[in-house]
Number of protein chains: 2
Amino acid sequence: MAAKKNVVGGIKLDYTNMMSDAVGAKDGLTANQLKSGEKQAAGAFASVSAQRKAGKLPFMDLPYTMSAGPIEKYAAGARRKFENLVVLGIGGSALGMTALQTALNPAHYNLLDASKRRAPRLFVEDNVDPERIAAMLDLLDPKKTLFNVITKSGGTAETMSALMIARDMIVKKLGKSALKEHLVATTDIKQGNLRAIVDREGLSSFVVPDGVGGRFSVLTAVGLLPAAIVGIDIRGLLSGAAAMDKRCSSGSISSNPALAGAVLHFLMDTAKGKNIQVMMPYANALGGVADWFAQLWAESLGKKHSTDGRTVCAGQTPVKAIGATDQHSQLQLYMEGPADKAVTFMRVEKFRRTVKIPKVYADMPGLAYLAGRGMDELLNAEQKATELALAAARRPNCSIILPEINAGSVGQLLYMLEIQTAYAGALYGVNAFDQPGVESGKVSTYALMGRPGYEKQRAEIEKAAKAMKRRVV
Amino acid sequence: MAAKKNVVGGIKLDYTNMMSDAVGAKDGLTANQLKSGEKQAAGAFASVSAQRKAGKLPFMDLPYTMSAGPIEKYAAGARRKFENLVVLGIGGSALGMTALQTALNPAHYNLLDASKRRAPRLFVEDNVDPERIAAMLDLLDPKKTLFNVITKSGGTAETMSALMIARDMIVKKLGKSALKEHLVATTDIKQGNLRAIVDREGLSSFVVPDGVGGRFSVLTAVGLLPAAIVGIDIRGLLSGAAAMDKRCSSGSISSNPALAGAVLHFLMDTAKGKNIQVMMPYANALGGVADWFAQLWAESLGKKHSTDGRTVCAGQTPVKAIGATDQHSQLQLYMEGPADKAVTFMRVEKFRRTVKIPKVYADMPGLAYLAGRGMDELLNAEQKATELALAAARRPNCSIILPEINAGSVGQLLYMLEIQTAYAGALYGVNAFDQPGVESGKVSTYALMGRPGYEKQRAEIEKAAKAMKRRVV
C-alpha cells in the first residue's frame with residue numbers, strides 16, 4: 001500500500017509567459033487586458049460560488065462529503081484476494097482512474113512481481129475493440145480477477161456489452177454463484193439497468209452521486225474504489241483536493257490559481273485566437289492527467305449554445321504532448337506553425353526517484369556535459385529551455401508546478417483543473433455540465449445496430465446513403 | 001514469428017463527407033473547388049516526382065532499396081537469445097517502431113507468457129523521465145536484455161544519456177566484454193558520436209541511410225530491426241509499401257490516394273479554416289499510427305518560412321483520438337465546438353479476432369439489441385454513426401479504410417501517409433524535410449546544462465529572467 005504522504009506544498013501556476021512583456025502584445029496579455037479579465041473572473045467566481053451554495057455543484061464538495069472508510073474496507077479485501085482488477089468503463093468512468101494509476105503507481109506496474117506491487121494488476125477496458133478484448137480474455141484467469149463495472153446510467157453500450165461478456169465468462173468458468181465475488185458495480189443509487197442488475201444478481205455496489213457528471217467524478221467511488229484497490233492513498237487525494245478548495249476560496253486571480261487558469265485560457269482563446277491548448281507535462285507520470293483534462297476541457301466547454309440561448313460554438317481544443325519526448329515530434333509546429341496555441345507545461349520540482357548519467361565517453365565533446373548529471377536535472381532543463389524558446393518565438397505558455405507527485409499534489413491538481421473548468425464555463429457563458437452533442441451519434445448507432453424503436457432513423461440513414469455521391473480513392 | 005501474410009487488398013480513402021453536398025459549401029468543398037485543387041495536386045505530384053528522380057527523396061525508394069536479409073539474420077539470433085528488447089530512441093527513432101508494435105503484435109504483448117510471444121518483450125524508452133527510467137532499470141535483468149540505441153546524428157541528448165546509463169549497467173553487471181552482445185546501434189554510416197562509439201566498443205550496427213529524416217525512417221533499420229526482433233513480418237511491410245507506391249504513380253487524385261489526402265487536408269486548412277486535423281482510428285491497434293502521423297504531419301508542415309522565403313507560419317495541428325473511446329471524451333467538442341476541424345477516421349473492415357456479446361439480460365430493453373452481436377459489429381456501427389453525426393452537423397470528415405490489419409496493409413498505410421506528407425509540403429510550399437524550429441530550444445538546454453561553449457547564452461538567459469516580472473499564483 002502506498003505511503004500516506006502529506007500534502008507537501010502547494011501547486012503553483014506561473015503565467016509570466018502569457019503576458020505581453022514576455023511574448024508581445026499581439027499574442028500576450030497586456031496589463032490592461034488582464035485587469036479587465038480580472039473583472040470577468042470575479043463574475044465567474046461569483047456565479048460558480050452561487051451555484052455551489054445552491055447545491056448545484058456537488059462535485060465541489062466531494063473532498064468533504066466522500067467517506068473513504070467503506071471504499072477502503074472493500075478495497076482491502078479485494079487487494080488481498082485478486083491478482084487482476086479490470087475496470088469496465090469509458091470516458092469519465094475510465095480517464096480519472098487511469099490518471100491516478102499513471103501518476104501514483106510506478107511505470108511498468110503490471111509487469112512487477114506481485115510481491116513488489118502488493119496489489120492487483122490493473123486493466124482499464126475503455127473500448128469495444130474486438131481484438132483488444134479478445135487479448136484480455138486470453139490473459140486473465142477469471143478465478144483471480146475482479147471486474148469493476150462503472151456507469152452512472154447503466155445505458156452505456158460499450159460498458160454494458162463488456163459487462164455482458166465478463167459476466168458470461170465468470171458464469172461459464174466459475175458458476176453463477178461467483179458473480180457476487182467477481183463483479184462490483186459503481187452506478188446510480190437507484191435507477192438504470194446496472195442498478196437493476198446489482199439487485200438481481202446480489203452484487204456489491206458503490207454509488208455515483210447525483211449531480212456529479214462523469215468527467216467530474218474522479219473523487220467519487222468511480223475513481224476512488226479502483227484506486228484504493230491498487231493501493232493508492234485515497235485520503236491523500238481527498239485532503240489534497242480540500243487544500244486546493246481552500247486556496248480557491250477567493251475571487252481574485254492573484255490568490256486563486258484555478259480562477260487564474262480559467263481566465264487566462266479563456267482570454268487566450270477568445271482575445272488572442274489560440275483555439276488550441278497544449279498540455280505538456282514534463283513527466284510521463286502526468287500523461288494520464290493530460291488525457292483526463294482533455295475530456296474535462298473539451299466536453300465541458302465545447303458547446304454550440306450559450307446558457308442564454310445564443311449560438312456560440314465555443315470551446316478550445318485540448319492537445320496532449322509529453323516533454324521531452326514531443327520536442328522531437330510536435331515542438332517544430334508549436335515554434336513555427338500558426339500562432340493558434342497556448343501551451344500549459346507541467347513541471348515537477350522534485351522527482352520521487354532519479355538516475356545519474358554516468359561519467360563515460362567523457363572525451364566526446366557532445367556528451368561530456370551530460371556526464372555526472374541527474375536525469376531529473378536534464379528533464380527540467382529541457383522544460384525550461386522549451387518554455388524560453390517558445391516565449392522568444394512569441395508563443396504564450398504557462399507552467400503548473402508541482403512540488404512532487406504524490407496523492408496530495410495529484411488531489412490538488414485534479415480538483416484545481418475541475419474548478420478551473422467550471423469557472424471557464426461561466427466565462428464562456430456555456431453549461432459546463434452537459435453534453436448534448438453526443439446524442440445524435442448514439443441514435444445513429446442504435447439505428448445501425450437495429451435497436452427496436454429506431455427503425456425510422458435506420459431507413460433515413462439508408463435513404464441518405466443511397467442519394468449521396470460517394471467519393472472513394 | 002508472425003505469419004507471412006500477403007497484402008490482402010488495397011487501402012481506400014473515402015472523402016464523401018468532405019464535399020459540399022455532404023456538409024454544405026461553407027465547410028465542404030464544392031466540385032469547382034475540388035477541380036482547382038486537382039490542378040494544384042498535379043503540380044505537387046510533379047514537384048515530388050522530380051525531386052525523387054533527382055535522388056533527393058530516398059525514403060520513397062526504401063521499398064526497393066532496403067534488404068530485409070541482414071536485419072532478419074541479426075533479429076533471428078536476438079529473438080532467441082533475449083527476454084527483453086529496449087529501444088533507446090526519441091521522435092522518429094521511437095514512434096515508427098511503436099506504431100508497428102501496437103498494430104501488429106497483440107494487446108498486452110509484454111504480459112504474455114514467453115511461449116506465446118516467441119520473441120522478447122519490448123520497451124521503448126523515448127524520454128529522459130527519471131522515474132520511468134529508474135523503474136525500467138529495476139525491472140530488467142541486463143543478462144537477458146538487448147538495447148537497440150537509435151540516433152542518426154549521435155548527438156541527441158536524450159538518447160545518448162540513456163545509452164550512457166544502459167552501458168554503465170551492462171559493464172557493471174556483466175563486464176565490458178558483454179557490450180558487444182547487449183548493445184546494437186542504428187546510426188549514420190560514418191559520422192557522429194554513436195558511430196565513434198560503435199567503432200570503439202566493437203558493436204554491431206545498422207545504418208540510417210543518408211537523406212532519410214527520422215520521421216520518414218520507419219522502413220529503414222530504425223523501424224525494421226526492432227520490428228523483426230519482436231517477430232513482425234518486415235518483408236510484408238516493405239511489399240505493402242511497394243504496392244502503395246504503385247498506386248501512387250499518377251498525378252490524379254482519382255487514383256492516387258496519398259495525393260487525394262494531401263490536397264483535401266490542404267484545402268480544409270487553407271480554404272475552410274480547419275487548422276486542426278483529428279486522426280481517429282476505430283481500433284486500439286492503430287493508436288500508435290496516429291501518434292506516428294502526428295509527428296510526420298506536424299514537424300513536416302509546421303514551418304515559418306516557405307521555400308521561396310516568405311513568412312507563412314504554415315501547418316495543421318494533428319490530434320489523436322481513439323474510437324469509440326473518445327466519443328465519450330472529445331466528440332462533444334467536435335460536434336458542437338468551433339468549426340475548426342477535419343476528422344480522418346480509420347476503419348478496419350475485418351478484425352483479426354472478435355468476441356460475441358452473449359445473450360444475457362435479454363429482458364432489459366436498453367441491452368437486448370446488443371445480445372448476440374459481435375464487438376466488431378458494434379465498433380464499426382459506432383464509427384459509421386459518428387461519421388454520419390459529424391456530417392449532419394456540417395463537420396467535414398474522411399475515412400481511411402483498411403481491409404484488415406496486417407504487415408501488408410500497415411506497410412501501405414505508413415507509406416501512403418509519408419508521401420501524402422511530401423505532397424502536402426509541396427502544396428504548402430514549405431520544406432517538409434527539415435525542422436529548423438527546434439534548434440533554439442536545444443541551445444537553451446545546452447546553456448542551462450552548462451555545456452562548454454554556451455556560457456554566453458546562459459548569461460543572457462539569466463539576465464532576461466532577472467529582468468522579467470514573474471507572475472505566479
# chains A, B, ... in the order shown; residues from 1 in each chain; ligands from 1
>>> residues_around(residues="Asp113 of chain B", least_positions_apart="6", cutoff="12 Å", atoms="only C-alpha atoms", output="list in words")
Leu111, Asp138, Leu139 and Leu140 of chain A; Glu83, Ala119, Pro120 and Arg121 of chain B
>>> write_last_selection(atoms="N, CA and C atoms", output="mmCIF file, in the first residue's frame")
data_model
loop_
_atom_site.group_PDB
_atom_site.id
_atom_site.type_symbol
_atom_site.label_atom_id
_atom_site.label_comp_id
_atom_site.auth_asym_id
_atom_site.auth_seq_id
_atom_site.Cartn_x
_atom_site.Cartn_y
_atom_site.Cartn_z
ATOM 1 N N LEU A 111 3.862 -5.211 -14.838
ATOM 2 C CA LEU A 111 4.941 -6.185 -15.056
ATOM 3 C C LEU A 111 5.711 -6.497 -13.768
ATOM 4 N N ASP A 138 -7.965 -13.765 -23.086
ATOM 5 C CA ASP A 138 -6.905 -14.780 -23.106
ATOM 6 C C ASP A 138 -6.016 -14.696 -21.874
ATOM 7 N N LEU A 139 -5.769 -13.444 -21.479
ATOM 8 C CA LEU A 139 -4.725 -13.188 -20.493
ATOM 9 C C LEU A 139 -5.168 -13.496 -19.068
ATOM 10 N N LEU A 140 -6.455 -13.255 -18.792
ATOM 11 C CA LEU A 140 -6.879 -13.235 -17.398
ATOM 12 C C LEU A 140 -7.556 -14.528 -16.975
ATOM 13 N N GLU B 83 15.302 -11.861 -23.527
ATOM 14 C CA GLU B 83 13.944 -11.799 -22.989
ATOM 15 C C GLU B 83 13.367 -10.392 -23.146
ATOM 16 N N ALA B 119 9.109 -14.159 -28.746
ATOM 17 C CA ALA B 119 10.006 -13.035 -29.056
ATOM 18 C C ALA B 119 10.158 -12.227 -27.770
ATOM 19 N N PRO B 120 11.177 -11.380 -27.694
ATOM 20 C CA PRO B 120 11.375 -10.622 -26.449
ATOM 21 C C PRO B 120 10.241 -9.631 -26.175
ATOM 22 N N ARG B 121 10.117 -9.262 -24.921
ATOM 23 C CA ARG B 121 9.265 -8.122 -24.578
ATOM 24 C C ARG B 121 9.887 -6.857 -25.167
#
>>> residues_around(residues="Met136 of chain A", least_positions_apart="2", cutoff="9 Å", atoms="only C-alpha atoms", output="number ranges by chain")
A: 123, 125, 131-134, 138-140; B: 107-108
>>> write_last_selection(atoms="C-alpha atoms", output="PDB file, in the first residue's frame")
ATOM      1  CA  PHE A 123      -6.620  -3.213 -16.747  1.00  0.00           C
ATOM      2  CA  GLU A 125     -11.124  -1.725 -20.662  1.00  0.00           C
ATOM      3  CA  GLU A 131      -9.090  -7.558 -30.792  1.00  0.00           C
ATOM      4  CA  ARG A 132      -8.107  -5.958 -27.521  1.00  0.00           C
ATOM      5  CA  ILE A 133     -10.957  -7.529 -25.586  1.00  0.00           C
ATOM      6  CA  ALA A 134     -10.119 -10.944 -27.025  1.00  0.00           C
ATOM      7  CA  ASP A 138      -6.905 -14.780 -23.106  1.00  0.00           C
ATOM      8  CA  LEU A 139      -4.725 -13.188 -20.493  1.00  0.00           C
ATOM      9  CA  LEU A 140      -6.879 -13.235 -17.398  1.00  0.00           C
TER      10      LEU A 140
ATOM     11  CA  ALA B 107      -2.510  -6.065 -26.994  1.00  0.00           C
ATOM     12  CA  HIS B 108      -0.870  -6.740 -23.622  1.00  0.00           C
TER      13      HIS B 108
END
>>> residues_around(residues="Asp168 of chain B", least_positions_apart="5", cutoff="10 Å", atoms="only C-alpha atoms", output="JSON, numbers by chain")
{"A": [357, 358, 359, 360], "B": [162, 163, 173, 174, 175, 176, 179]}
>>> closest_residue(among="A:Pro365, A:Pro226, A:Gly236, A:Gly211", to="chain B", atoms="only C-alpha atoms")
A:Pro365
>>> closest_residue(among="B:Ala228, B:Ile165, B:Ala424, B:Ala459", to="chain A", atoms="only C-alpha atoms")
B:Ile165
>>> select_by_dssp(residues="segment 81-303 of chain B", states="helix (DSSP H, G or I)", output="number ranges by chain")
B: 81, 91-93, 95-104, 109-111, 114-117, 130-139, 142-144, 157-174, 176-182, 192-201, 214-216, 221-229, 234-247, 257-272, 284-301
>>> decode(residues="segment 331-357 of chain B", atoms="N, CA and C atoms", output="compact mmCIF listing (two decimals), in the first residue's frame")
# COMPACT_ATOMS: atom_id res chain seq x y z
N LEU B 331 -15.82 13.97 -28.55
CA LEU B 331 -16.81 14.12 -29.62
C LEU B 331 -17.74 15.32 -29.42
N GLN B 332 -18.10 15.58 -28.17
CA GLN B 332 -18.94 16.76 -27.89
C GLN B 332 -18.32 18.02 -28.49
N LEU B 333 -17.04 18.20 -28.32
CA LEU B 333 -16.34 19.37 -28.88
C LEU B 333 -16.33 19.32 -30.40
N TYR B 334 -16.10 18.13 -30.96
CA TYR B 334 -16.05 18.03 -32.42
C TYR B 334 -17.42 18.33 -33.03
N MET B 335 -18.47 17.94 -32.33
CA MET B 335 -19.83 18.14 -32.84
C MET B 335 -20.29 19.60 -32.71
N GLU B 336 -20.00 20.20 -31.56
CA GLU B 336 -20.63 21.49 -31.26
C GLU B 336 -19.67 22.66 -31.14
N GLY B 337 -18.39 22.38 -30.97
CA GLY B 337 -17.42 23.45 -30.78
C GLY B 337 -17.15 24.19 -32.08
N PRO B 338 -16.06 24.96 -32.11
CA PRO B 338 -15.74 25.74 -33.31
C PRO B 338 -15.59 24.84 -34.54
N ALA B 339 -15.90 25.39 -35.71
CA ALA B 339 -15.81 24.62 -36.96
C ALA B 339 -14.36 24.66 -37.46
N ASP B 340 -13.43 24.20 -36.60
CA ASP B 340 -12.00 24.33 -36.90
C ASP B 340 -11.31 22.99 -37.14
N LYS B 341 -12.11 21.96 -37.40
CA LYS B 341 -11.53 20.62 -37.52
C LYS B 341 -11.98 19.87 -38.76
N ALA B 342 -11.05 19.06 -39.30
CA ALA B 342 -11.43 17.98 -40.21
C ALA B 342 -11.01 16.69 -39.53
N VAL B 343 -11.87 15.70 -39.61
CA VAL B 343 -11.60 14.43 -38.93
C VAL B 343 -11.23 13.36 -39.96
N THR B 344 -10.16 12.63 -39.70
CA THR B 344 -9.81 11.47 -40.51
C THR B 344 -10.04 10.21 -39.68
N PHE B 345 -11.09 9.48 -40.03
CA PHE B 345 -11.31 8.19 -39.35
C PHE B 345 -10.40 7.13 -39.95
N MET B 346 -10.09 6.11 -39.16
CA MET B 346 -9.53 4.88 -39.72
C MET B 346 -10.46 3.77 -39.30
N ARG B 347 -10.78 2.93 -40.27
CA ARG B 347 -11.79 1.90 -40.06
C ARG B 347 -11.26 0.58 -40.61
N VAL B 348 -11.49 -0.48 -39.88
CA VAL B 348 -10.99 -1.81 -40.26
C VAL B 348 -12.17 -2.66 -40.69
N GLU B 349 -12.09 -3.21 -41.91
CA GLU B 349 -13.25 -3.97 -42.39
C GLU B 349 -13.37 -5.33 -41.70
N LYS B 350 -12.24 -5.99 -41.53
CA LYS B 350 -12.30 -7.32 -40.91
C LYS B 350 -11.25 -7.39 -39.81
N PHE B 351 -11.70 -7.51 -38.59
CA PHE B 351 -10.75 -7.60 -37.48
C PHE B 351 -10.17 -9.01 -37.40
N ARG B 352 -8.95 -9.11 -36.84
CA ARG B 352 -8.29 -10.41 -36.76
C ARG B 352 -9.00 -11.35 -35.80
N ARG B 353 -9.62 -10.76 -34.79
CA ARG B 353 -10.36 -11.55 -33.82
C ARG B 353 -11.58 -10.75 -33.41
N THR B 354 -12.59 -11.44 -32.93
CA THR B 354 -13.68 -10.69 -32.32
C THR B 354 -14.29 -11.51 -31.19
N VAL B 355 -15.18 -10.87 -30.47
CA VAL B 355 -15.83 -11.52 -29.34
C VAL B 355 -17.32 -11.25 -29.49
N LYS B 356 -18.11 -12.25 -29.24
CA LYS B 356 -19.56 -12.07 -29.35
C LYS B 356 -20.13 -11.60 -28.01
N ILE B 357 -21.05 -10.69 -28.09
CA ILE B 357 -21.75 -10.27 -26.87
C ILE B 357 -22.80 -11.33 -26.57
